[in-house]
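Listing of coords_21.txt; format and content: compact mmCIF, C-alpha atoms.
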```txt
# COMPACT_ATOMS: atom_id res chain seq x y z
CA MET A 1 50.48 -8.20 -13.08
CA ARG A 2 52.45 -8.51 -9.89
CA GLN A 3 50.40 -8.80 -6.70
CA PRO A 4 51.43 -6.67 -3.68
CA PRO A 5 53.08 -8.52 -0.78
CA ARG A 6 50.83 -9.75 1.98
CA ARG A 7 52.42 -7.42 4.51
CA SER A 8 51.63 -4.35 2.40
CA LEU A 9 48.09 -5.57 1.84
CA ARG A 10 47.53 -6.04 5.59
CA LEU A 11 48.92 -2.58 6.35
CA THR A 12 46.60 -1.09 3.73
CA VAL A 13 43.58 -2.86 5.22
CA VAL A 14 44.53 -1.70 8.74
CA ALA A 15 45.00 1.87 7.51
CA VAL A 16 41.59 1.84 5.80
CA ILE A 17 39.93 0.53 8.97
CA VAL A 18 41.64 3.17 11.15
CA VAL A 19 40.61 5.96 8.78
CA ALA A 20 37.01 4.69 8.59
CA VAL A 21 36.72 4.41 12.39
CA SER A 22 38.27 7.85 12.98
CA TRP A 23 36.02 9.42 10.36
CA SER A 24 32.92 7.81 11.91
CA LEU A 25 33.80 8.89 15.47
CA ALA A 26 34.53 12.44 14.36
CA GLY A 27 31.36 12.67 12.27
CA THR A 28 29.10 11.45 15.07
CA GLY A 29 30.72 13.46 17.87
CA VAL A 30 31.53 10.38 19.96
CA GLY A 31 34.22 10.95 22.58
CA LEU A 32 35.01 12.13 26.08
CA GLY A 33 34.01 15.68 25.20
CA SER A 34 30.36 14.80 24.56
CA LEU A 35 30.24 12.68 27.73
CA ILE A 36 31.70 15.47 29.86
CA GLN A 37 29.33 17.98 28.32
CA GLY A 38 26.32 15.85 29.28
CA ARG A 39 27.51 15.00 32.78
CA ALA A 40 25.01 17.34 34.48
CA GLY A 41 22.01 15.69 32.87
CA ALA A 42 23.40 12.23 33.61
CA VAL A 43 23.92 13.04 37.29
CA GLN A 44 20.40 14.46 37.55
CA MET A 45 18.84 11.38 35.97
CA ILE A 46 20.88 8.85 37.96
CA SER A 47 20.20 10.62 41.25
CA GLY A 48 16.51 10.74 40.39
CA LEU A 49 16.34 6.96 39.89
CA PHE A 50 16.91 6.22 43.58
CA PRO A 51 15.09 5.02 45.46
CA PRO A 52 12.80 3.21 42.98
CA ASP A 53 9.08 3.80 43.38
CA LEU A 54 7.58 0.71 45.02
CA ASP A 55 4.07 2.02 45.47
CA ALA A 56 1.56 -0.82 45.43
CA VAL A 57 -0.48 0.73 42.64
CA LEU A 58 2.61 1.25 40.48
CA VAL A 59 3.93 -2.27 41.15
CA SER A 60 0.54 -3.64 40.10
CA ARG A 61 0.70 -1.65 36.84
CA VAL A 62 4.28 -2.80 36.23
CA LEU A 63 3.34 -6.45 36.71
CA LYS A 64 0.45 -6.03 34.30
CA ALA A 65 2.75 -4.44 31.73
CA ALA A 66 5.33 -7.22 32.23
CA VAL A 67 2.67 -9.88 31.63
CA GLU A 68 1.55 -8.02 28.51
CA THR A 69 5.16 -7.89 27.27
CA LEU A 70 5.53 -11.63 27.84
CA GLN A 71 2.28 -12.30 25.97
CA MET A 72 3.46 -10.12 23.09
CA SER A 73 6.77 -11.98 22.83
CA ILE A 74 5.13 -15.42 22.77
CA ALA A 75 2.40 -14.43 20.29
CA ALA A 76 4.98 -12.79 18.01
CA LEU A 77 7.18 -15.88 18.25
CA LEU A 78 4.31 -18.12 17.16
CA LEU A 79 3.35 -15.91 14.21
CA GLY A 80 6.98 -15.39 13.25
CA ALA A 81 7.69 -19.13 13.27
CA VAL A 82 4.58 -19.87 11.20
CA ILE A 83 5.85 -17.45 8.55
CA GLY A 84 9.61 -17.83 8.91
CA LEU A 85 10.14 -21.59 9.14
CA PRO A 86 8.43 -22.45 5.82
CA LEU A 87 10.46 -19.66 4.21
CA ALA A 88 13.61 -21.19 5.70
CA VAL A 89 12.82 -24.58 4.17
CA LEU A 90 12.26 -23.03 0.74
CA MET A 91 15.45 -20.95 1.03
CA ALA A 92 17.76 -23.81 2.07
CA ALA A 93 19.95 -24.81 -0.87
CA ASN A 94 20.01 -28.52 0.02
CA VAL A 95 16.19 -28.69 -0.07
CA GLN A 96 16.43 -27.82 -3.78
CA ALA A 97 13.07 -26.06 -3.94
CA PRO A 98 12.01 -24.82 -7.40
CA ALA A 99 14.04 -21.73 -8.30
CA PRO A 100 11.07 -19.32 -8.48
CA LEU A 101 9.83 -20.43 -5.03
CA ALA A 102 13.31 -20.21 -3.49
CA MET A 103 13.87 -16.75 -4.97
CA ALA A 104 10.46 -15.53 -3.78
CA ALA A 105 11.07 -16.89 -0.27
CA ARG A 106 14.49 -15.24 -0.13
CA THR A 107 13.04 -11.91 -1.30
CA VAL A 108 10.21 -11.98 1.25
CA ALA A 109 12.59 -12.90 4.09
CA THR A 110 14.99 -10.12 3.13
CA LEU A 111 12.16 -7.60 3.03
CA LEU A 112 10.80 -8.66 6.42
CA ARG A 113 14.10 -8.48 8.27
CA SER A 114 15.33 -5.33 6.49
CA VAL A 115 12.52 -3.24 8.02
CA HIS A 116 13.18 -2.60 11.71
CA GLU A 117 10.57 -3.58 14.29
CA LEU A 118 10.16 0.08 15.20
CA LEU A 119 9.13 1.00 11.66
CA TRP A 120 6.81 -2.01 11.45
CA ALA A 121 5.31 -0.88 14.77
CA LEU A 122 4.69 2.63 13.46
CA LEU A 123 2.94 1.18 10.42
CA PHE A 124 0.75 -1.14 12.47
CA VAL A 125 -0.06 1.52 15.06
CA ALA A 126 -1.33 3.65 12.18
CA THR A 127 -3.47 0.77 10.85
CA VAL A 128 -4.72 -1.27 13.83
CA GLY A 129 -4.29 1.43 16.49
CA LEU A 130 -2.37 1.70 19.75
CA GLY A 131 -1.89 -1.40 21.87
CA PRO A 132 -0.14 -4.76 22.03
CA ALA A 133 -1.67 -6.12 18.80
CA ALA A 134 0.36 -3.65 16.74
CA GLY A 135 3.48 -4.70 18.63
CA VAL A 136 2.85 -8.40 18.04
CA TYR A 137 2.44 -7.92 14.29
CA ALA A 138 5.54 -5.74 14.10
CA ILE A 139 7.80 -8.13 16.02
CA ALA A 140 6.37 -11.17 14.23
CA LEU A 141 7.18 -9.86 10.75
CA HIS A 142 10.73 -8.87 11.60
CA SER A 143 11.43 -12.08 13.54
CA ALA A 144 10.00 -14.12 10.64
CA GLY A 145 12.63 -12.67 8.33
CA VAL A 146 15.41 -13.25 10.85
CA MET A 147 14.35 -16.84 11.57
CA ALA A 148 14.03 -17.58 7.86
CA LYS A 149 17.63 -16.50 7.30
CA LEU A 150 19.20 -18.18 10.34
CA CYS A 151 17.14 -21.39 10.20
CA SER A 152 17.87 -21.86 6.49
CA GLU A 153 21.58 -21.78 7.37
CA GLN A 154 20.98 -24.44 10.03
CA LEU A 155 19.22 -26.61 7.46
CA GLU A 156 22.07 -26.18 5.00
CA ALA A 157 24.62 -27.21 7.65
CA VAL A 158 23.25 -30.74 8.18
CA ASP A 159 25.17 -33.85 7.21
CA PRO A 160 24.73 -34.23 3.43
CA GLY A 161 25.17 -38.02 3.56
CA PRO A 162 21.64 -39.01 4.63
CA VAL A 163 20.18 -36.40 2.29
CA GLU A 164 22.00 -37.82 -0.73
CA ALA A 165 21.04 -41.32 0.34
CA MET A 166 17.36 -40.44 0.28
CA ARG A 167 17.72 -38.88 -3.16
CA LEU A 168 19.48 -42.00 -4.45
CA THR A 169 16.55 -44.10 -3.27
CA GLY A 170 14.10 -41.92 -5.18
CA GLY A 171 13.02 -39.53 -2.45
CA GLY A 172 11.44 -36.30 -3.70
CA ARG A 173 12.13 -32.79 -2.46
CA ALA A 174 9.39 -32.83 0.17
CA THR A 175 10.28 -36.30 1.45
CA THR A 176 13.97 -35.48 1.61
CA ALA A 177 13.29 -32.24 3.48
CA LEU A 178 10.86 -33.79 5.97
CA LEU A 179 12.80 -37.00 6.66
CA GLY A 180 16.41 -36.24 5.78
CA ILE A 181 17.08 -32.56 6.52
CA ILE A 182 14.67 -31.23 9.15
CA PRO A 183 15.13 -34.15 11.63
CA GLN A 184 18.91 -33.56 11.63
CA ALA A 185 18.49 -29.85 12.28
CA ARG A 186 15.58 -29.99 14.71
CA ALA A 187 17.66 -29.29 17.84
CA ASN A 188 19.39 -26.30 16.25
CA LEU A 189 16.10 -25.04 14.83
CA ALA A 190 14.48 -25.22 18.25
CA SER A 191 17.47 -23.43 19.77
CA GLN A 192 17.19 -20.69 17.16
CA VAL A 193 13.47 -20.25 17.83
CA LEU A 194 14.09 -20.03 21.58
CA TYR A 195 16.79 -17.42 21.06
CA GLN A 196 14.35 -15.43 18.94
CA TRP A 197 11.99 -15.47 21.91
CA GLU A 198 14.65 -13.67 23.95
CA CYS A 199 15.06 -11.13 21.16
CA ASN A 200 11.30 -10.61 21.05
CA ILE A 201 11.29 -9.60 24.72
CA ARG A 202 13.88 -6.90 24.06
CA SER A 203 12.12 -5.77 20.89
CA SER A 204 8.78 -5.46 22.69
CA VAL A 205 10.38 -3.01 25.12
CA VAL A 206 11.66 -0.81 22.28
CA ILE A 207 8.51 -0.68 20.19
CA GLY A 208 6.45 0.20 23.23
CA PHE A 209 7.86 3.72 22.94
CA VAL A 210 5.65 4.30 19.88
CA GLY A 211 2.51 3.06 21.62
CA ALA A 212 2.71 -0.63 20.76
CA GLY A 213 1.97 -1.85 24.28
CA GLY A 214 3.97 -3.61 26.97
CA ILE A 215 6.53 -2.24 29.40
CA GLY A 216 8.04 -0.08 26.68
CA GLN A 217 4.90 2.05 26.51
CA ALA A 218 5.01 2.64 30.28
CA LEU A 219 8.76 3.40 30.03
CA GLY A 220 8.13 6.01 27.37
CA ILE A 221 5.46 7.74 29.44
CA ALA A 222 7.63 7.78 32.58
CA LEU A 223 10.61 9.12 30.66
CA HIS A 224 8.66 11.89 28.94
CA LEU A 225 7.12 12.99 32.24
CA PHE A 226 10.50 12.83 34.06
CA ARG A 227 9.21 10.29 36.59
CA TYR A 228 12.65 8.86 37.26
CA GLN A 229 11.75 6.78 40.31
CA GLU A 230 8.93 5.14 38.35
CA LEU A 231 11.40 4.69 35.49
CA ALA A 232 13.78 2.85 37.82
CA THR A 233 11.05 0.40 38.80
CA LEU A 234 10.18 -0.23 35.17
CA VAL A 235 13.81 -0.73 34.15
CA ALA A 236 14.30 -3.20 37.02
CA SER A 237 11.25 -5.15 35.86
CA VAL A 238 12.64 -5.28 32.31
CA VAL A 239 15.97 -6.64 33.58
CA ILE A 240 14.24 -9.29 35.71
CA LEU A 241 12.00 -10.33 32.82
CA VAL A 242 14.89 -10.60 30.36
CA ILE A 243 17.00 -12.62 32.82
CA ALA A 244 14.10 -15.00 33.54
CA VAL A 245 13.39 -15.60 29.86
CA ASP A 246 17.10 -16.03 29.16
CA ARG A 247 17.43 -18.68 31.88
CA ILE A 248 14.33 -20.56 30.75
CA SER A 249 15.49 -20.48 27.14
CA LYS A 250 18.99 -21.62 28.11
CA VAL A 251 17.61 -24.62 30.01
CA PHE A 252 15.51 -25.71 27.02
CA ARG A 253 18.40 -25.21 24.59
CA SER A 254 20.85 -27.20 26.70
CA ARG A 255 18.39 -30.08 27.04
CA LEU A 256 17.69 -30.11 23.33
CA GLY A 257 21.41 -30.10 22.55
CA ALA A 258 22.14 -32.88 25.05
CA ALA A 259 19.32 -35.02 23.68
CA SER A 260 20.58 -34.51 20.16
CA GLY A 261 24.12 -35.43 21.16
CA ARG A 262 23.03 -38.61 22.94
CA THR A 263 20.93 -39.65 19.99
CA SER A 264 23.68 -39.06 17.48
CA GLY A 265 26.17 -40.95 19.61
CA ARG A 266 23.90 -43.95 20.07
CA ARG A 267 22.97 -44.67 16.48
CA SER A 268 23.64 -43.39 13.00
CA HIS A 269 21.12 -42.16 10.48
CA PRO A 270 19.25 -45.09 8.85
CA TYR A 271 20.23 -43.93 5.35
CA ARG A 272 23.98 -43.61 6.02
CA SER A 273 24.81 -47.26 5.39
CA LEU A 274 22.76 -47.21 2.17
CA LEU A 275 24.76 -44.24 0.91
CA GLU A 276 28.07 -45.94 1.75
CA ARG A 277 27.01 -49.07 -0.16
CA SER A 278 25.92 -46.97 -3.15
CA SER A 279 29.22 -45.08 -3.31
CA ARG A 280 31.36 -48.22 -3.50
```

Turn the structure described in the file into structure tokens.
Amino acid sequence: MRQPPRRSLRLTVVAVIVVAVSWSLAGTGVGLGSLIQGRAGAVQMISGLFPPDLDAVLVSRVLKAAVETLQMSIAALLLGAVIGLPLAVLMAANVQAPAPLAMAARTVATLLRSVHELLWALLFVATVGLGPAAGVYAIALHSAGVMAKLCSEQLEAVDPGPVEAMRLTGGGRATTALLGIIPQARANLASQVLYQWECNIRSSVVIGFVGAGGIGQALGIALHLFRYQELATLVASVVILVIAVDRISKVFRSRLGAASGRTSGRRSHPYRSLLERSSR
């Protein structure tokens, strides 16, 4: 059977994409018409945001909510890492975990990250009640699934040479993972965990709308009561908090990457020479 020319195939793909995008925009009502139609409400909200409410009592409540949001993100990161990192090790193909364990870990990770934090939050609010604890559990479960997926890919991307060298010298699965795979990926794993911390801050704002604590809960109340000046203060605090966490995380990630680069440039893995001798 004769295959179509590449040019025709590309045109077909482009046509399918254009049709899919046009169909999606038309079906969801996205366009200038919907924006123009809602211009009155947008003008009313934007004009109501200024000037922000800087009342001392409100600022005190905002700072308390910001601290609570930060606590939620850190606690969720800890719980998520405790669950997600072992799953990542079991999922990584080069670790060669027993097939039933690897399949179970992959299934659990897929389940955890497939359910949005907002749905997890609704479930935990219904079980443990309103407050930051429900938010921590919700973010932790979702972030565990995400970290399991992304960190397993970091483990699989390490240099296979030292790993094979350890196996040739009789190293078992656990020894190879602990001494041959994880040390190579530690900088990238730490970077991934720090990035998840940034994501947890943003997630904690969203799930607060369903009563799971933090700034998001205060945002939801201000929005529902049309307190736009209070809303402006809360939004500004969210932006400041996200920027601060992003900068702190970026500093840690750059230092971890630089340390890893200096180490790799100074000396090679102790098992590399053994592998080269074995392959001759």

Atom-to-atom span, CA of Ser34 in chain A and CA of Val210 in chain A, Å: 27.3 Å

Selection as a PyMOL selection string: residues within 12 Å of (7.0, -16.1, 12.6), counting all atoms listed in the file: chain A and resi 73-88+109+112-113+136-149+151+193+196-197+200

Expected file contents, prior selection, C-alpha atoms, as a short mmCIF file (atom, residue, chain, number, x, y, z; two decimals), keeping the file's coordinate frame:
```cif
data_model
loop_
_atom_site.label_atom_id
_atom_site.label_comp_id
_atom_site.auth_asym_id
_atom_site.auth_seq_id
_atom_site.Cartn_x
_atom_site.Cartn_y
_atom_site.Cartn_z
CA SER A 73 6.77 -11.98 22.83
CA ILE A 74 5.13 -15.42 22.77
CA ALA A 75 2.40 -14.43 20.29
CA ALA A 76 4.98 -12.79 18.01
CA LEU A 77 7.18 -15.88 18.25
CA LEU A 78 4.31 -18.12 17.16
CA LEU A 79 3.35 -15.91 14.21
CA GLY A 80 6.98 -15.39 13.25
CA ALA A 81 7.69 -19.13 13.27
CA VAL A 82 4.58 -19.87 11.20
CA ILE A 83 5.85 -17.45 8.55
CA GLY A 84 9.61 -17.83 8.91
CA LEU A 85 10.14 -21.59 9.14
CA PRO A 86 8.43 -22.45 5.82
CA LEU A 87 10.46 -19.66 4.21
CA ALA A 88 13.61 -21.19 5.70
CA ALA A 109 12.59 -12.90 4.09
CA LEU A 112 10.80 -8.66 6.42
CA ARG A 113 14.10 -8.48 8.27
CA VAL A 136 2.85 -8.40 18.04
CA TYR A 137 2.44 -7.92 14.29
CA ALA A 138 5.54 -5.74 14.10
CA ILE A 139 7.80 -8.13 16.02
CA ALA A 140 6.37 -11.17 14.23
CA LEU A 141 7.18 -9.86 10.75
CA HIS A 142 10.73 -8.87 11.60
CA SER A 143 11.43 -12.08 13.54
CA ALA A 144 10.00 -14.12 10.64
CA GLY A 145 12.63 -12.67 8.33
CA VAL A 146 15.41 -13.25 10.85
CA MET A 147 14.35 -16.84 11.57
CA ALA A 148 14.03 -17.58 7.86
CA LYS A 149 17.63 -16.50 7.30
CA CYS A 151 17.14 -21.39 10.20
CA VAL A 193 13.47 -20.25 17.83
CA GLN A 196 14.35 -15.43 18.94
CA TRP A 197 11.99 -15.47 21.91
CA ASN A 200 11.30 -10.61 21.05
#
```

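The protein and nucleic acid residues lying at most 12 Å from range 224-227 of chain A are Gly41, Gln44, Met45, Ile46, Ser47, Gly48, Leu49, Phe50, Pro51, Pro52, Asp53, Leu58, Phe209, Gln217, Ala218, Leu219, Gly220, Leu231, Ala232, Thr233 and Leu234 of chain A, with all atoms listed in the file considered and sequence neighbours fewer than 4 positions away removed.
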
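Considering the residues A:Ile248, A:Ala185, A:Val238, A:Ile36 and counting only C-alpha atoms, Leu63 in chain A has its shortest atom-to-atom contact with A:Val238.
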
Residue list as a ChimeraX atom specification for point (2.2, -6.0, 25.5), cut-off 7 Å, only C-alpha atoms: /A:65,68-72,132,213-215

Residue neighbourhood Gly216 in chain A, 7 Å, all atoms listed in the file, exclusion window fewer than 6 positions, as an MDAnalysis selection string: chainID A and resid 204:209

One-decimal distance in Å that lies between CA of Ala190 in chain A and CA of Gln154 in chain A: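 Computing it gives 10.5 Å between the two atoms.
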
Between CA of Leu32 in chain A and CA of Leu11 in chain A - distance in Å to one decimal: 28.3 Å

For Val242 in chain A, the nearest of the candidates A:Val163, A:Leu25, A:Cys199, A:Ala20, counting only C-alpha atoms: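 Residue with the minimum atom-to-atom distance to Val242 in chain A: A:Cys199.
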